[in-house]
Amino acid sequence: MRINIETAELQAFIAVARQSSFRAAAEGLFITAPALSRRIENLERALQERLFDRTTRRVSLTPAGELFLVHAQAVMEELELAVKSVEQGMAHRREHVTVACVPSVANNLLPLVLKPYARTHANVRVRIIDESAADVLESVRKGEADFGVNFIGAQEAEIDFEELTRERYLAVMPSHHPLAAQSTLHWKSLAGEKLVSVSSSSGNRSLIDNAFSRVPQRPVIQYETNHVAGAISLVAAGLGVALLPELAIRNAPYKGIVARPVTSPVLSRAMGLITLKGRVLKPAAATLAQALREAMASKPRK
DNA sequence: GTTATATGGCAATATTCGGC
DNA sequence: GCCGAATATTGCCATATAAC
């Protein structure tokens with residue numbers, strides 16, 4: 001037997017059964033009495049049973065109607081529960097955004113961007129992959145991250161690189177260091193200094209080594225760390241001078257150190273948004289990317 | 001774009017029942 | 001028994017939607 005009963009017909013049936021009146025039930029359902037009458041007629045035709053004994057003065061359930069009312073109410077209650085459960089399920093569903101970025105961005109820029117983002121996107125769970133430039137590139141390439149913020153990737157065929165800002169490298173030293181008296185430094189003035197450097201596997205290190213290759217007298221790399229934070233700690237302890245990207249120390253709460261621009265030549269790196277070529281960002285990720293664009297744009301481009 | 005079907009509203013009709 | 005009010009039902013039409 002094929003069941004062909006509409007929920008509107010069940011609602012009409014339940015309303016008439018409760019009100020014992022077609023007219024009152026029709027008013028409650030915001031339809032006219034003839035429309036309601038036809039719904040009941042359709043239902044009775046589908047069931048091949050008369051559900052109400054009615055005259056123009058009295059409406060009462062038949063035995064078949066009483067039996068059907070129990071099941072009709074149960075069906076409507078179950079349907080309401082199903083709708084509520086889907087609505088609540090959708091409301092609680094969380095979105096995920098994964099952003100890969102170098103530590104200087106993760107430590108100094110992301111917190112500033114995520115604070116307002118969290119207010120408007122409370123339902124979005126943000127995962128941050130803060131790794132070396134090479135690992136950030138790999139995370140985006142493998143699709144592990146929705147997008148990345150990195151200073152390498154512009155040359156990769158399968159990566160879209162959108163430059164957001166260009167940041168200089170600064171010489172970071174204790175505030176009592178003799179070079180701290182100068183407003184800008186030449187690369188050659190660093191000759192003979194004990195250098196605190198990030199490890200040779202770092203993208204920063206490649207750029208710095210390349211800059212020193214043009215200087216006749218190179219400084220000695222005395223200390224090597226894996227992370228910028230470690231390098232800054234060694235500088236603060238008076239163990240040497242570090243060359244670090246501007247963003248890495250811009251908001252760092254270190255006391256007793258100063259940063260001076262290095263010129264001749266000015267060494268800088270392009271920091272950009274990297275995505276897998278052709279990939280369309282989901283809305284939550286696109287909004288976060290836009291917030292990063294605006295945050296980067298608010299800094300003076302050097 | 002056309003046709004078929006479903007739905008609902010308006011107006012008219014049929015029916016019931018209380019009051020006289 | 002007649003009348004009038006109340007209400008369910010029916011006929012017709014307009015509109016929306018689906019199928020082709």
# chains A, B, ... in the order shown; residues from 1 in each chain; ligands from 1

$ interface_residues --of "chain B" --to "chain A" --cutoff "12 Å" --atoms "only C-alpha atoms (C1' of nucleotides)" --output "count of residues only"
11

$ closest_atom_pairs --of "chain C" --to "chain A" --cutoff "10 Å" --atoms "only C-alpha atoms (C1' of nucleotides)" --output "JSON lines"
{"residue": "C:DA6", "atom": "C1'", "partner": "A:Thr56", "partner_atom": "CA", "distance": 7.2}
{"residue": "C:DT7", "atom": "C1'", "partner": "A:Thr56", "partner_atom": "CA", "distance": 4.7}
{"residue": "C:DA8", "atom": "C1'", "partner": "A:Thr56", "partner_atom": "CA", "distance": 5.5}
{"residue": "C:DT9", "atom": "C1'", "partner": "A:Pro34", "partner_atom": "CA", "distance": 7.3}
{"residue": "C:DT10", "atom": "C1'", "partner": "A:Pro34", "partner_atom": "CA", "distance": 8.9}

$ write_last_selection --atoms "N, CA and C atoms (P, O5', C5', C4', C3', O3' and C1' of nucleotides)" --output "PDB file, in the first residue's frame"
ATOM      1  P    DA C   6     -24.889  33.380  14.016  1.00  0.00           P
ATOM      2  O5'  DA C   6     -24.330  31.894  13.795  1.00  0.00           O
ATOM      3  C5'  DA C   6     -24.718  30.871  14.714  1.00  0.00           C
ATOM      4  C4'  DA C   6     -24.191  29.533  14.241  1.00  0.00           C
ATOM      5  C3'  DA C   6     -22.756  29.574  13.678  1.00  0.00           C
ATOM      6  O3'  DA C   6     -22.010  28.528  14.269  1.00  0.00           O
ATOM      7  C1'  DA C   6     -24.232  28.577  12.100  1.00  0.00           C
ATOM      8  P    DT C   7     -20.425  28.481  14.001  1.00  0.00           P
ATOM      9  O5'  DT C   7     -20.368  27.363  12.866  1.00  0.00           O
ATOM     10  C5'  DT C   7     -20.970  26.095  13.114  1.00  0.00           C
ATOM     11  C4'  DT C   7     -20.942  25.250  11.859  1.00  0.00           C
ATOM     12  C3'  DT C   7     -19.600  25.255  11.107  1.00  0.00           C
ATOM     13  O3'  DT C   7     -19.290  23.939  10.727  1.00  0.00           O
ATOM     14  C1'  DT C   7     -21.361  25.667   9.633  1.00  0.00           C
ATOM     15  P    DA C   8     -17.764  23.508  10.513  1.00  0.00           P
ATOM     16  O5'  DA C   8     -17.969  22.349   9.431  1.00  0.00           O
ATOM     17  C5'  DA C   8     -18.912  21.312   9.695  1.00  0.00           C
ATOM     18  C4'  DA C   8     -19.423  20.729   8.390  1.00  0.00           C
ATOM     19  C3'  DA C   8     -18.332  20.359   7.379  1.00  0.00           C
ATOM     20  O3'  DA C   8     -18.662  19.102   6.794  1.00  0.00           O
ATOM     21  C1'  DA C   8     -19.841  21.931   6.410  1.00  0.00           C
ATOM     22  P    DT C   9     -17.656  18.476   5.723  1.00  0.00           P
ATOM     23  O5'  DT C   9     -18.299  18.951   4.336  1.00  0.00           O
ATOM     24  C5'  DT C   9     -19.660  18.613   4.074  1.00  0.00           C
ATOM     25  C4'  DT C   9     -20.062  19.132   2.710  1.00  0.00           C
ATOM     26  C3'  DT C   9     -19.093  18.783   1.566  1.00  0.00           C
ATOM     27  O3'  DT C   9     -19.821  18.134   0.545  1.00  0.00           O
ATOM     28  C1'  DT C   9     -19.667  21.100   1.544  1.00  0.00           C
ATOM     29  P    DT C  10     -19.112  17.509  -0.668  1.00  0.00           P
ATOM     30  O5'  DT C  10     -19.426  18.561  -1.830  1.00  0.00           O
ATOM     31  C5'  DT C  10     -20.767  18.985  -2.042  1.00  0.00           C
ATOM     32  C4'  DT C  10     -20.809  20.066  -3.109  1.00  0.00           C
ATOM     33  C3'  DT C  10     -19.888  19.825  -4.314  1.00  0.00           C
ATOM     34  O3'  DT C  10     -20.641  19.985  -5.506  1.00  0.00           O
ATOM     35  C1'  DT C  10     -19.547  21.997  -3.427  1.00  0.00           C
TER      36       DT C  10
END

$ select_by_dssp --residues "segment 72-234 of chain A" --states "strand (DSSP E)" --output "MDAnalysis selection string"
chainID A and resid 95:101 124:130 147:150 159:174 185:186 194:198 220:225

$ atom_distance --atom1 "atom CA of Val172 of chain A" --atom2 "atom CA of Trp187 of chain A"
12.9 Å

$ residues_around --residues "segment 282-287 of chain A" --least-positions-apart "3" --cutoff "7 Å" --atoms "only C-alpha atoms (C1' of nucleotides)" --output "short mmCIF file (atom, residue, chain, number, x, y, z; two decimals) with all heavy atoms, in the first residue's frame"
data_model
loop_
_atom_site.label_atom_id
_atom_site.label_comp_id
_atom_site.auth_asym_id
_atom_site.auth_seq_id
_atom_site.Cartn_x
_atom_site.Cartn_y
_atom_site.Cartn_z
N VAL A 97 39.46 26.29 10.02
CA VAL A 97 40.38 26.98 9.11
C VAL A 97 41.79 26.64 9.57
O VAL A 97 42.09 26.74 10.76
CB VAL A 97 40.16 28.51 9.14
CG1 VAL A 97 41.24 29.19 8.31
CG2 VAL A 97 38.80 28.88 8.61
N ASP A 146 44.65 25.71 4.60
CA ASP A 146 43.81 26.43 3.63
C ASP A 146 44.66 27.45 2.88
O ASP A 146 44.50 27.63 1.68
CB ASP A 146 42.66 27.14 4.35
CG ASP A 146 41.67 26.15 4.93
OD1 ASP A 146 40.97 25.50 4.13
OD2 ASP A 146 41.61 25.99 6.15
N GLN A 290 41.62 37.90 4.37
CA GLN A 290 41.41 39.34 4.13
C GLN A 290 41.84 40.16 5.34
O GLN A 290 42.44 41.24 5.20
CB GLN A 290 39.92 39.58 3.81
CG GLN A 290 39.58 41.02 3.49
CD GLN A 290 40.37 41.59 2.32
OE1 GLN A 290 40.80 40.86 1.42
NE2 GLN A 290 40.65 42.88 2.37
N ALA A 291 41.57 39.63 6.53
CA ALA A 291 41.99 40.33 7.76
C ALA A 291 43.51 40.43 7.82
O ALA A 291 44.06 41.46 8.23
CB ALA A 291 41.45 39.59 8.98
#

$ select_by_dssp --residues "segment 82-294 of chain A" --states "helix (DSSP H, G or I)" --output "PyMOL selection string"
chain A and resi 82-92+103-108+110-120+133-141+178-181+187-190+203-212+228-236+246-250+283-294

$ residues_around --residues "Glu95 of chain A" --least-positions-apart "2" --cutoff "7 Å" --atoms "only C-alpha atoms (C1' of nucleotides)" --output "tab-separated table (two decimals) with all heavy atoms, in the first residue's frame"
chain	number	residue	atom	x	y	z
A	93	ARG	N	27.54	22.87	14.43
A	93	ARG	CA	28.60	22.42	13.53
A	93	ARG	C	29.70	23.50	13.48
A	93	ARG	O	29.44	24.67	13.31
A	93	ARG	CB	28.04	22.19	12.13
A	93	ARG	CG	29.00	21.42	11.25
A	93	ARG	CD	28.39	21.20	9.92
A	93	ARG	NE	28.30	22.43	9.18
A	93	ARG	CZ	27.96	22.48	7.91
A	93	ARG	NH1	27.65	21.40	7.27
A	93	ARG	NH2	27.89	23.63	7.28
A	97	VAL	N	39.46	26.29	10.02
A	97	VAL	CA	40.38	26.98	9.11
A	97	VAL	C	41.79	26.64	9.57
A	97	VAL	O	42.09	26.74	10.76
A	97	VAL	CB	40.16	28.51	9.14
A	97	VAL	CG1	41.24	29.19	8.31
A	97	VAL	CG2	38.80	28.88	8.61
A	123	ASN	N	32.30	30.58	15.86
A	123	ASN	CA	32.08	29.16	15.55
A	123	ASN	C	33.23	28.53	14.76
A	123	ASN	O	33.19	27.34	14.47
A	123	ASN	CB	30.78	29.03	14.75
A	123	ASN	CG	29.91	27.93	15.31
A	123	ASN	OD1	29.98	27.63	16.50
A	123	ASN	ND2	29.11	27.34	14.46
A	124	VAL	N	34.20	29.32	14.42
A	124	VAL	CA	35.28	28.81	13.57
A	124	VAL	C	36.48	28.41	14.43
A	124	VAL	O	36.96	29.18	15.26
A	124	VAL	CB	35.73	29.89	12.55
A	124	VAL	CG1	36.88	29.37	11.71
A	124	VAL	CG2	34.57	30.27	11.66
A	125	ARG	N	36.90	27.16	14.25
A	125	ARG	CA	38.09	26.68	14.96
A	125	ARG	C	39.31	26.91	14.06
A	125	ARG	O	39.33	26.44	12.92
A	125	ARG	CB	37.93	25.20	15.29
A	125	ARG	CG	39.12	24.65	16.05
A	125	ARG	CD	38.83	23.23	16.49
A	125	ARG	NE	37.76	23.19	17.47
A	125	ARG	CZ	37.17	22.06	17.86
A	125	ARG	NH1	37.52	20.92	17.35
A	125	ARG	NH2	36.22	22.11	18.75

$ atom_distance --atom1 "atom CA of Ala191 of chain A" --atom2 "atom CA of Ala242 of chain A"
12.7 Å

$ residues_around --residues "Leu276 of chain A" --least-positions-apart "3" --cutoff "7 Å" --atoms "only C-alpha atoms (C1' of nucleotides)" --output "ChimeraX atom specification"
/A:140-141,158-160,279

$ write_last_selection --atoms "N, CA, C and O atoms" --output "mmCIF file, in the first residue's frame"
data_model
loop_
_atom_site.group_PDB
_atom_site.id
_atom_site.type_symbol
_atom_site.label_atom_id
_atom_site.label_comp_id
_atom_site.auth_asym_id
_atom_site.auth_seq_id
_atom_site.Cartn_x
_atom_site.Cartn_y
_atom_site.Cartn_z
ATOM 1 N N VAL A 140 50.889 23.943 2.557
ATOM 2 C CA VAL A 140 49.956 24.494 1.569
ATOM 3 C C VAL A 140 49.939 23.607 0.332
ATOM 4 O O VAL A 140 48.885 23.310 -0.228
ATOM 5 N N ARG A 141 51.125 23.138 -0.059
ATOM 6 C CA ARG A 141 51.226 22.293 -1.256
ATOM 7 C C ARG A 141 50.430 21.005 -1.088
ATOM 8 O O ARG A 141 49.762 20.546 -2.020
ATOM 9 N N GLU A 158 52.923 25.476 -8.673
ATOM 10 C CA GLU A 158 51.572 25.131 -8.219
ATOM 11 C C GLU A 158 51.076 26.025 -7.084
ATOM 12 O O GLU A 158 50.043 25.756 -6.478
ATOM 13 N N ILE A 159 51.826 27.116 -6.837
ATOM 14 C CA ILE A 159 51.467 28.008 -5.726
ATOM 15 C C ILE A 159 51.165 29.414 -6.255
ATOM 16 O O ILE A 159 51.883 29.933 -7.107
ATOM 17 N N ASP A 160 50.071 29.997 -5.743
ATOM 18 C CA ASP A 160 49.803 31.418 -5.997
ATOM 19 C C ASP A 160 50.413 32.217 -4.854
ATOM 20 O O ASP A 160 50.138 31.927 -3.677
ATOM 21 N N ARG A 279 42.889 27.201 -6.105
ATOM 22 C CA ARG A 279 42.046 26.835 -4.968
ATOM 23 C C ARG A 279 41.178 28.025 -4.544
ATOM 24 O O ARG A 279 41.670 29.135 -4.397
#

$ atom_distance --atom1 "atom C1' of DT2 of chain B" --atom2 "atom C1' of DG11 of chain C"
26.0 Å

$ residues_around --residues "His177 of chain A" --least-positions-apart "5" --cutoff "10 Å" --atoms "only C-alpha atoms (C1' of nucleotides)" --output "list in words"
Val172, Gly238, Gly240, Val241, Ile257 and Val258 of chain A

$ write_last_selection --atoms "C-alpha atoms" --output "mmCIF file, in the first residue's frame"
data_model
loop_
_atom_site.group_PDB
_atom_site.id
_atom_site.type_symbol
_atom_site.label_atom_id
_atom_site.label_comp_id
_atom_site.auth_asym_id
_atom_site.auth_seq_id
_atom_site.Cartn_x
_atom_site.Cartn_y
_atom_site.Cartn_z
ATOM 1 C CA VAL A 172 69.333 43.392 16.918
ATOM 2 C CA GLY A 238 74.754 40.148 25.611
ATOM 3 C CA GLY A 240 76.088 38.833 20.199
ATOM 4 C CA VAL A 241 74.207 40.585 17.412
ATOM 5 C CA ILE A 257 67.725 45.278 23.175
ATOM 6 C CA VAL A 258 67.559 47.670 20.239
#

$ residues_around --residues "DA18 of chain C" --least-positions-apart "5" --cutoff "12 Å" --atoms "only C-alpha atoms (C1' of nucleotides)" --output "list of chain:residue names"
B:DT3, B:DA4, B:DT5, B:DA6

$ write_last_selection --atoms "N, CA and C atoms (P, O5', C5', C4', C3', O3' and C1' of nucleotides)" --output "JSON list (two decimals), in the first residue's frame"
[["chain", "number", "residue", "atom", "x", "y", "z"],
["B", 3, "DT", "P", -1.21, 24.57, -24.69],
["B", 3, "DT", "O5'", -1.16, 23.40, -23.61],
["B", 3, "DT", "C5'", -0.41, 22.21, -23.88],
["B", 3, "DT", "C4'", -0.39, 21.33, -22.65],
["B", 3, "DT", "C3'", -1.74, 21.19, -21.96],
["B", 3, "DT", "O3'", -2.02, 19.81, -21.75],
["B", 3, "DT", "C1'", -0.07, 21.82, -20.39],
["B", 4, "DA", "P", -3.36, 19.36, -21.08],
["B", 4, "DA", "O5'", -2.85, 18.88, -19.65],
["B", 4, "DA", "C5'", -1.68, 18.05, -19.56],
["B", 4, "DA", "C4'", -1.39, 17.72, -18.11],
["B", 4, "DA", "C3'", -2.63, 17.41, -17.28],
["B", 4, "DA", "O3'", -2.35, 16.31, -16.41],
["B", 4, "DA", "C1'", -1.47, 19.28, -16.35],
["B", 5, "DT", "P", -3.50, 15.73, -15.49],
["B", 5, "DT", "O5'", -3.13, 16.35, -14.08],
["B", 5, "DT", "C5'", -1.77, 16.26, -13.61],
["B", 5, "DT", "C4'", -1.64, 17.04, -12.32],
["B", 5, "DT", "C3'", -2.79, 16.89, -11.34],
["B", 5, "DT", "O3'", -2.31, 16.36, -10.13],
["B", 5, "DT", "C1'", -2.17, 19.17, -11.62],
["B", 6, "DA", "P", -3.30, 16.10, -8.92],
["B", 6, "DA", "O5'", -2.90, 17.30, -7.94],
["B", 6, "DA", "C5'", -1.53, 17.64, -7.78],
["B", 6, "DA", "C4'", -1.40, 18.81, -6.83],
["B", 6, "DA", "C3'", -2.37, 18.78, -5.66],
["B", 6, "DA", "O3'", -1.68, 19.18, -4.49],
["B", 6, "DA", "C1'", -2.68, 20.78, -6.93]]

$ closest_residue --among "A:Thr263, A:Thr98, A:Gln19, A:Asn4" --to "Glu44 of chain A" --atoms "only C-alpha atoms"
A:Asn4

$ decode --residues "segment 174-196 of chain A" --atoms "N, CA and C atoms" --output "PDB file, in the first residue's frame"
ATOM      1  N   PRO A 174      72.210  44.320  22.119  1.00  0.00           N
ATOM      2  CA  PRO A 174      71.926  44.885  23.450  1.00  0.00           C
ATOM      3  C   PRO A 174      71.954  46.411  23.368  1.00  0.00           C
ATOM      4  N   SER A 175      71.165  47.069  24.181  1.00  0.00           N
ATOM      5  CA  SER A 175      71.075  48.534  24.102  1.00  0.00           C
ATOM      6  C   SER A 175      72.386  49.224  24.467  1.00  0.00           C
ATOM      7  N   HIS A 176      73.267  48.516  25.190  1.00  0.00           N
ATOM      8  CA  HIS A 176      74.552  49.124  25.568  1.00  0.00           C
ATOM      9  C   HIS A 176      75.653  48.822  24.547  1.00  0.00           C
ATOM     10  N   HIS A 177      75.306  48.136  23.474  1.00  0.00           N
ATOM     11  CA  HIS A 177      76.309  47.765  22.453  1.00  0.00           C
ATOM     12  C   HIS A 177      76.810  49.032  21.755  1.00  0.00           C
ATOM     13  N   PRO A 178      78.112  49.133  21.431  1.00  0.00           N
ATOM     14  CA  PRO A 178      78.652  50.331  20.775  1.00  0.00           C
ATOM     15  C   PRO A 178      77.921  50.704  19.483  1.00  0.00           C
ATOM     16  N   LEU A 179      77.460  49.690  18.716  1.00  0.00           N
ATOM     17  CA  LEU A 179      76.770  49.987  17.445  1.00  0.00           C
ATOM     18  C   LEU A 179      75.366  50.565  17.667  1.00  0.00           C
ATOM     19  N   ALA A 180      74.872  50.416  18.900  1.00  0.00           N
ATOM     20  CA  ALA A 180      73.512  50.889  19.189  1.00  0.00           C
ATOM     21  C   ALA A 180      73.409  52.406  19.083  1.00  0.00           C
ATOM     22  N   ALA A 181      74.546  53.094  19.131  1.00  0.00           N
ATOM     23  CA  ALA A 181      74.546  54.555  19.048  1.00  0.00           C
ATOM     24  C   ALA A 181      74.232  55.039  17.638  1.00  0.00           C
ATOM     25  N   GLN A 182      74.423  54.169  16.628  1.00  0.00           N
ATOM     26  CA  GLN A 182      74.184  54.567  15.242  1.00  0.00           C
ATOM     27  C   GLN A 182      72.714  54.322  14.864  1.00  0.00           C
ATOM     28  N   SER A 183      72.159  55.237  14.053  1.00  0.00           N
ATOM     29  CA  SER A 183      70.758  55.073  13.657  1.00  0.00           C
ATOM     30  C   SER A 183      70.598  53.995  12.583  1.00  0.00           C
ATOM     31  N   THR A 184      71.589  53.881  11.697  1.00  0.00           N
ATOM     32  CA  THR A 184      71.591  52.796  10.701  1.00  0.00           C
ATOM     33  C   THR A 184      72.995  52.195  10.664  1.00  0.00           C
ATOM     34  N   LEU A 185      73.042  50.965  10.172  1.00  0.00           N
ATOM     35  CA  LEU A 185      74.334  50.265  10.141  1.00  0.00           C
ATOM     36  C   LEU A 185      74.642  49.800   8.731  1.00  0.00           C
ATOM     37  N   HIS A 186      75.932  49.697   8.404  1.00  0.00           N
ATOM     38  CA  HIS A 186      76.366  49.077   7.157  1.00  0.00           C
ATOM     39  C   HIS A 186      76.695  47.617   7.450  1.00  0.00           C
ATOM     40  N   TRP A 187      76.546  46.800   6.440  1.00  0.00           N
ATOM     41  CA  TRP A 187      76.892  45.379   6.615  1.00  0.00           C
ATOM     42  C   TRP A 187      78.343  45.238   7.066  1.00  0.00           C
ATOM     43  N   LYS A 188      79.195  46.119   6.477  1.00  0.00           N
ATOM     44  CA  LYS A 188      80.622  45.970   6.795  1.00  0.00           C
ATOM     45  C   LYS A 188      80.924  46.348   8.252  1.00  0.00           C
ATOM     46  N   SER A 189      80.030  47.168   8.858  1.00  0.00           N
ATOM     47  CA  SER A 189      80.272  47.530  10.255  1.00  0.00           C
ATOM     48  C   SER A 189      80.018  46.357  11.197  1.00  0.00           C
ATOM     49  N   LEU A 190      79.389  45.306  10.656  1.00  0.00           N
ATOM     50  CA  LEU A 190      79.134  44.108  11.474  1.00  0.00           C
ATOM     51  C   LEU A 190      80.327  43.145  11.450  1.00  0.00           C
ATOM     52  N   ALA A 191      81.289  43.474  10.593  1.00  0.00           N
ATOM     53  CA  ALA A 191      82.467  42.596  10.497  1.00  0.00           C
ATOM     54  C   ALA A 191      83.155  42.518  11.859  1.00  0.00           C
ATOM     55  N   GLY A 192      83.517  41.336  12.246  1.00  0.00           N
ATOM     56  CA  GLY A 192      84.195  41.167  13.522  1.00  0.00           C
ATOM     57  C   GLY A 192      83.259  40.954  14.696  1.00  0.00           C
ATOM     58  N   GLU A 193      81.945  41.190  14.460  1.00  0.00           N
ATOM     59  CA  GLU A 193      80.971  40.970  15.541  1.00  0.00           C
ATOM     60  C   GLU A 193      80.707  39.473  15.714  1.00  0.00           C
ATOM     61  N   LYS A 194      80.369  39.095  16.924  1.00  0.00           N
ATOM     62  CA  LYS A 194      79.887  37.726  17.154  1.00  0.00           C
ATOM     63  C   LYS A 194      78.410  37.700  16.753  1.00  0.00           C
ATOM     64  N   LEU A 195      78.092  36.848  15.829  1.00  0.00           N
ATOM     65  CA  LEU A 195      76.720  36.827  15.295  1.00  0.00           C
ATOM     66  C   LEU A 195      75.911  35.702  15.923  1.00  0.00           C
ATOM     67  N   VAL A 196      74.664  36.028  16.254  1.00  0.00           N
ATOM     68  CA  VAL A 196      73.692  35.009  16.682  1.00  0.00           C
ATOM     69  C   VAL A 196      72.791  34.773  15.478  1.00  0.00           C
TER      70      VAL A 196
END
